[in-house]
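Trainee: Quick one: this structure, given as C-alpha cells, is what I'll be asking you about.
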Amino acid sequence: MKILVCVKQVPDMESKFKLNTEGKWYDNTDLAWRMNEYDEYAVEQAVQLKEQVGEADVTVLSIGSDRVKEPMKKALAMGCDRGVHVVDEASFAKDPFEIASIIATFAKDKGFDMIFTGMQSQDRGSAQVGVLVAEMLGLASISTIVEFAYDNGQVTVRRELEGGLKAIVKAKTPALMTCQLGLNKPRYPTLPNIMKAKKKEMLTLEVATLLQVDAVQETTRMYFPEKKGGGIVLEGDVGNMVNEIITILKDKTGVLA
Amino acid sequence: MKALLVGEYRDGKLLGSTYELVAFAEKLGADSAMFLVGSESDLPQYNGTLYFADISKYSEFNPTAHKQLLLDVIAKEQPEMIVFSHSSYGWDLAPRVALALQAAQVSEVIDVVDGNLVVPTCNSKLRRDVKSKTTQTVVTLQGGAFGLSGEPSGSPTLVKVETDAAAQVEFAGYEAVEKGGVDLSKAEIIVSAGRGIGKPDNIEMIANLAQALGGEYGASRPVVDAEWTEHNRQVGTTGQTVSPKLYIACGISGAIQHLVGMKKSEFVVAINTDKDAPIGEVADILAVADLKELVPALTEKINSL
Ligand SMILES: Cc1cc2nc3c(=O)[nH]c(=O)nc-3n(C[C@H](O)[C@H](O)[C@H](O)COP(=O)(O)OP(=O)(O)OC[C@H]3O[C@@H](n4cnc5c(N)ncnc54)[C@H](O)[C@@H]3O)c2cc1C
C-alpha cells in the first residue's frame, strides 16, 4: 500500500507575531516552529495504517524553505519511510489552489492508495488544500475525520459535525482524508527512531518543476485586529492580582457577594 | 452583484445558520437566490428562488451529487459569489465547487471592507484582507459574523433540480455523542481548563477553584482530545454552549470555536501568560499570569472568605 501524508510547518501560535516588510504576512524571524497540529494526526494515522497492513510505504511531503525539513524529520522518526521536500522559499505567499496543485502534480501517476492531510493549517486556516488535492486527482475524499478504520480496500470513518454529532462515512481506496483534532494520539518519536530517521531518504524537488498554475487570490494586507475588548488587564504580583480579582467579582458580579 | 446562497440541512432540519447567508447578501446589497438539498417539510422562510433537491434522494453527505446539483444551478444563475457557511458542510463542499469553477475560495470570512474579504489568521491573532482574482468567488462565512437578517420571513419559489451523478462515498448514518454526566449549560459558574494547564494532574487545580466558587469545571478541546477529562465538559462548537454568570478561562487562547461556546457568559475572567491571546477580546478581566500560581492562590483566598 502506498500512502502519502502532507505536512506544513507553522509557528507556535503563542508567538509574538510581527508583520513582514510587505505587510502581507507575518515576519518569519524569531518564531518557534512546529508541525501543524492537524498534520500530526495525519502522520500518526498514516503510520498506524502502515502498521496495520504490514506492507506499506509512507511518503511525507512538505513545501517550504530548508526549515521545513524539521517537521519532516519528526514525521520520519514517527514512522514515515521517505521524505519529499518541495523547496520553495515563498510557499507562505501561495494560495491554497497553488499549494494543492503542487501536491497533486507530485502525486499524479504515483498510485497512492491513501492520502492524509490535516483539515486545515493553524496559521492560514483555509481548510481547502486536502479536498482540492483529491478533486484534482479525481479521488474520493472525506474531510474532518475523527475516527478511521481500514479493511481490505474499504475505509470507514467518523466525520465530525457541529454540536457533538458525527456522520459515519465509507469510501473505497484510493481516497484522501483530512484529519481533525483528536483523531488519534500522535506518538512521540523515540531516540532510536530519531537516529534511524536520519538514514531515511529525503528527496528534494524544486517547486518550479511542480507548479503549473497561477494564484486565484491574493492577500492585500495583513494587520493586527483592533483591540476592542476594553476589559481590565491585570499584570504583576500574583498576590495583588488575587485581591483585585476578588474585589472586581464582588463589585461587578453576584458571585462572592 | 448576484449571490447564490447555499443553505444547510442537518439530521432532518434546516440549520438556522442559513439565515446568516441571507444577512450577508443583504449587507453586500446583492441579489440572491438560494440552493438547498433539504426536505419540503422544513423550507427556509426566504423570499426568492430556491433551487431545491430532495435530501432523501441525495443524502446528507454526498459531495459528488451536491456539487453537481450546485454546478448546474451556478451555470444557470451565473452568480459572482457562491456563499457557504464555514461549517462541516461548507468547508467540505466549497473547495469542490471552487475547483470545478476554477474560482478562488476565501474561507472563514468575517467581514467585507472596501471589496476586501476579511479573514482571521493565526488563531485570530492577525487579520488578512483578501482579494479574489477570478470573476466568480466562493466564500465560507464564519458563524455569527454576520448575524441574522432579522426575523426570517417569506416563502421561496421552488425550482426543483436533479442529477444522476454517482456517489464516491457512502453516508451510513449519524452517531450522537454520548450524553449524561455534567450539564454545563445549566451551571452558573464555570472554570475551564485549556491546554495551558500543561498536564492532566492540573485538572484538579481547576476543579478545586470551581468547587470553591460553587460551580462546575469545563475544558477546551485539546484537554478533552488528550483525554484529560471527559467530552461532556467540552465547551465550544463541537462541545457545549454555556451561559454562566461567571466564566473563568484558564490557559485558553480563545480560538473562535471555543468562543462560540462561551460568548454568552455574563462575566469572563481569563488567566493567560500571553497578554495578546485572543481570549482578551471577550474577557472582562485578563489576568496575565501563570495559572499554576494564580489558580491555587485564588482558590485559597476564596476558601478563606
Ligand atoms: C471544526 C473544529 C471544531 C472545534 N471545536 C472546538 C470546541 O468545541 N471547543 C474548543 O475549545 N475548541 C474547538 N476547536 C479547537 C480550537 O480551534 C482550538 O484549537 C482550541 O480551542 C484551543 O484550545 P486551548 O485554548 O485550550 O489551547 P491553545 O490554543 O493551545 O492555548 C493555550 C493557551 O494557554 C496559555 N498558557 C500556556 N501556559 C500557561 C500557563 N502556565 N498559565 C496560563 N496560561 C498559559 C497560552 O498562552 C495559550 O493562550 C475546534 C476546531 C475545529 C477546527
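Going by the C-alpha cells order, chains are called A, B, ..., each with residues numbered from 1, while ligands are numbered from 1 in the order shown.
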Step by step, measure atom-to-atom distances between ligand 1 and each residue using only C-alpha atoms and all ligand atoms, keep those at most 8 Å, then write them as a PyMOL selection string.

Mentor: (chain A and resi 13-14+119-120+144+160-163+180-181) or (chain B and resi 87-88+123+193-198+219-223+234-240+250-259+261+271-275+277-279+288-292)

Trainee: Taking 2 positions as the minimum chain separation for residues in the same chain, which residues sit within 10 Å of Gly230 in chain A when counting only C-alpha atoms? Answer as a list in words.

Mentor: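 My reading of the contact set: Lys227, Lys228, Ile232 and Val233 of chain A; Gly280, Glu281, Val282, Ala283, Asp284 and Ile285 of chain B.
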
Trainee: Distance table requested - range 163-213 of chain A against range 105-118 of chain A, cut-off 8 Å, only C-alpha atoms: one row per qualifying residue with the closest atom pair and its distance in Å to one decimal, ordered by chain and rising residue number, as a Markdown table.

Mentor:
| residue | atom | partner | partner_atom | distance |
| --- | --- | --- | --- | --- |
| A:Thr173 | CA | A:Asp113 | CA | 5.7 |
| A:Pro174 | CA | A:Asp113 | CA | 4.2 |
| A:Ala175 | CA | A:Met114 | CA | 5.3 |
| A:Leu176 | CA | A:Ile115 | CA | 4.6 |
| A:Met177 | CA | A:Phe116 | CA | 5.0 |
| A:Thr178 | CA | A:Thr117 | CA | 4.8 |
| A:Cys179 | CA | A:Gly118 | CA | 4.6 |
| A:Gln180 | CA | A:Gly118 | CA | 6.6 |
| A:Leu210 | CA | A:Thr105 | CA | 5.8 |
| A:Leu211 | CA | A:Thr105 | CA | 7.6 |

Trainee: Could you give me the residues within range 3-197 of chain A that DSSP places in alpha helix (DSSP H), as a PyMOL selection string?

Mentor: chain A and resi 37-53+69-78+96-107+129-137+191-197

Trainee: Find the residue from B:Leu298, B:Ala172, B:Val269, B:Ala226 that sits nearest to Pro186 in chain A; use only C-alpha atoms when measuring.

Mentor: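 Among B:Leu298, B:Ala172, B:Val269, B:Ala226, it is B:Ala226 that comes nearest to Pro186 in chain A.
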
Trainee: Given only C-alpha atoms as the basis, pick out the residue of A:Met202, A:Ala215, A:Leu137, A:Ile168 nearest to Lys69 in chain A.

Mentor: A:Met202

Trainee: What's around Glu244 in chain A at 12 Å? Count only C-alpha atoms, leave out sequence neighbours fewer than 2 positions away in its own chain, and write the answer as JSON, numbers by chain.

Mentor: {"A": [232, 233, 234, 235, 236, 237, 238, 239, 240, 241, 242, 246, 247, 248, 249, 250, 251, 252], "B": [269, 285, 286, 287, 294, 298, 301]}

Trainee: Between A:Lys74, A:Lys172, A:Lys199, A:Arg67, which has the minimum distance to chain B (counting only C-alpha atoms)?

Mentor: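 Closest to chain B, using only C-alpha atoms: A:Lys172.
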
Trainee: Choose the residue, out of A:Ile142, A:Val84, A:Ile3, A:Ile102, that has the smallest atom-to-atom separation from Ala56 in chain A; count only C-alpha atoms.

Mentor: A:Ile3
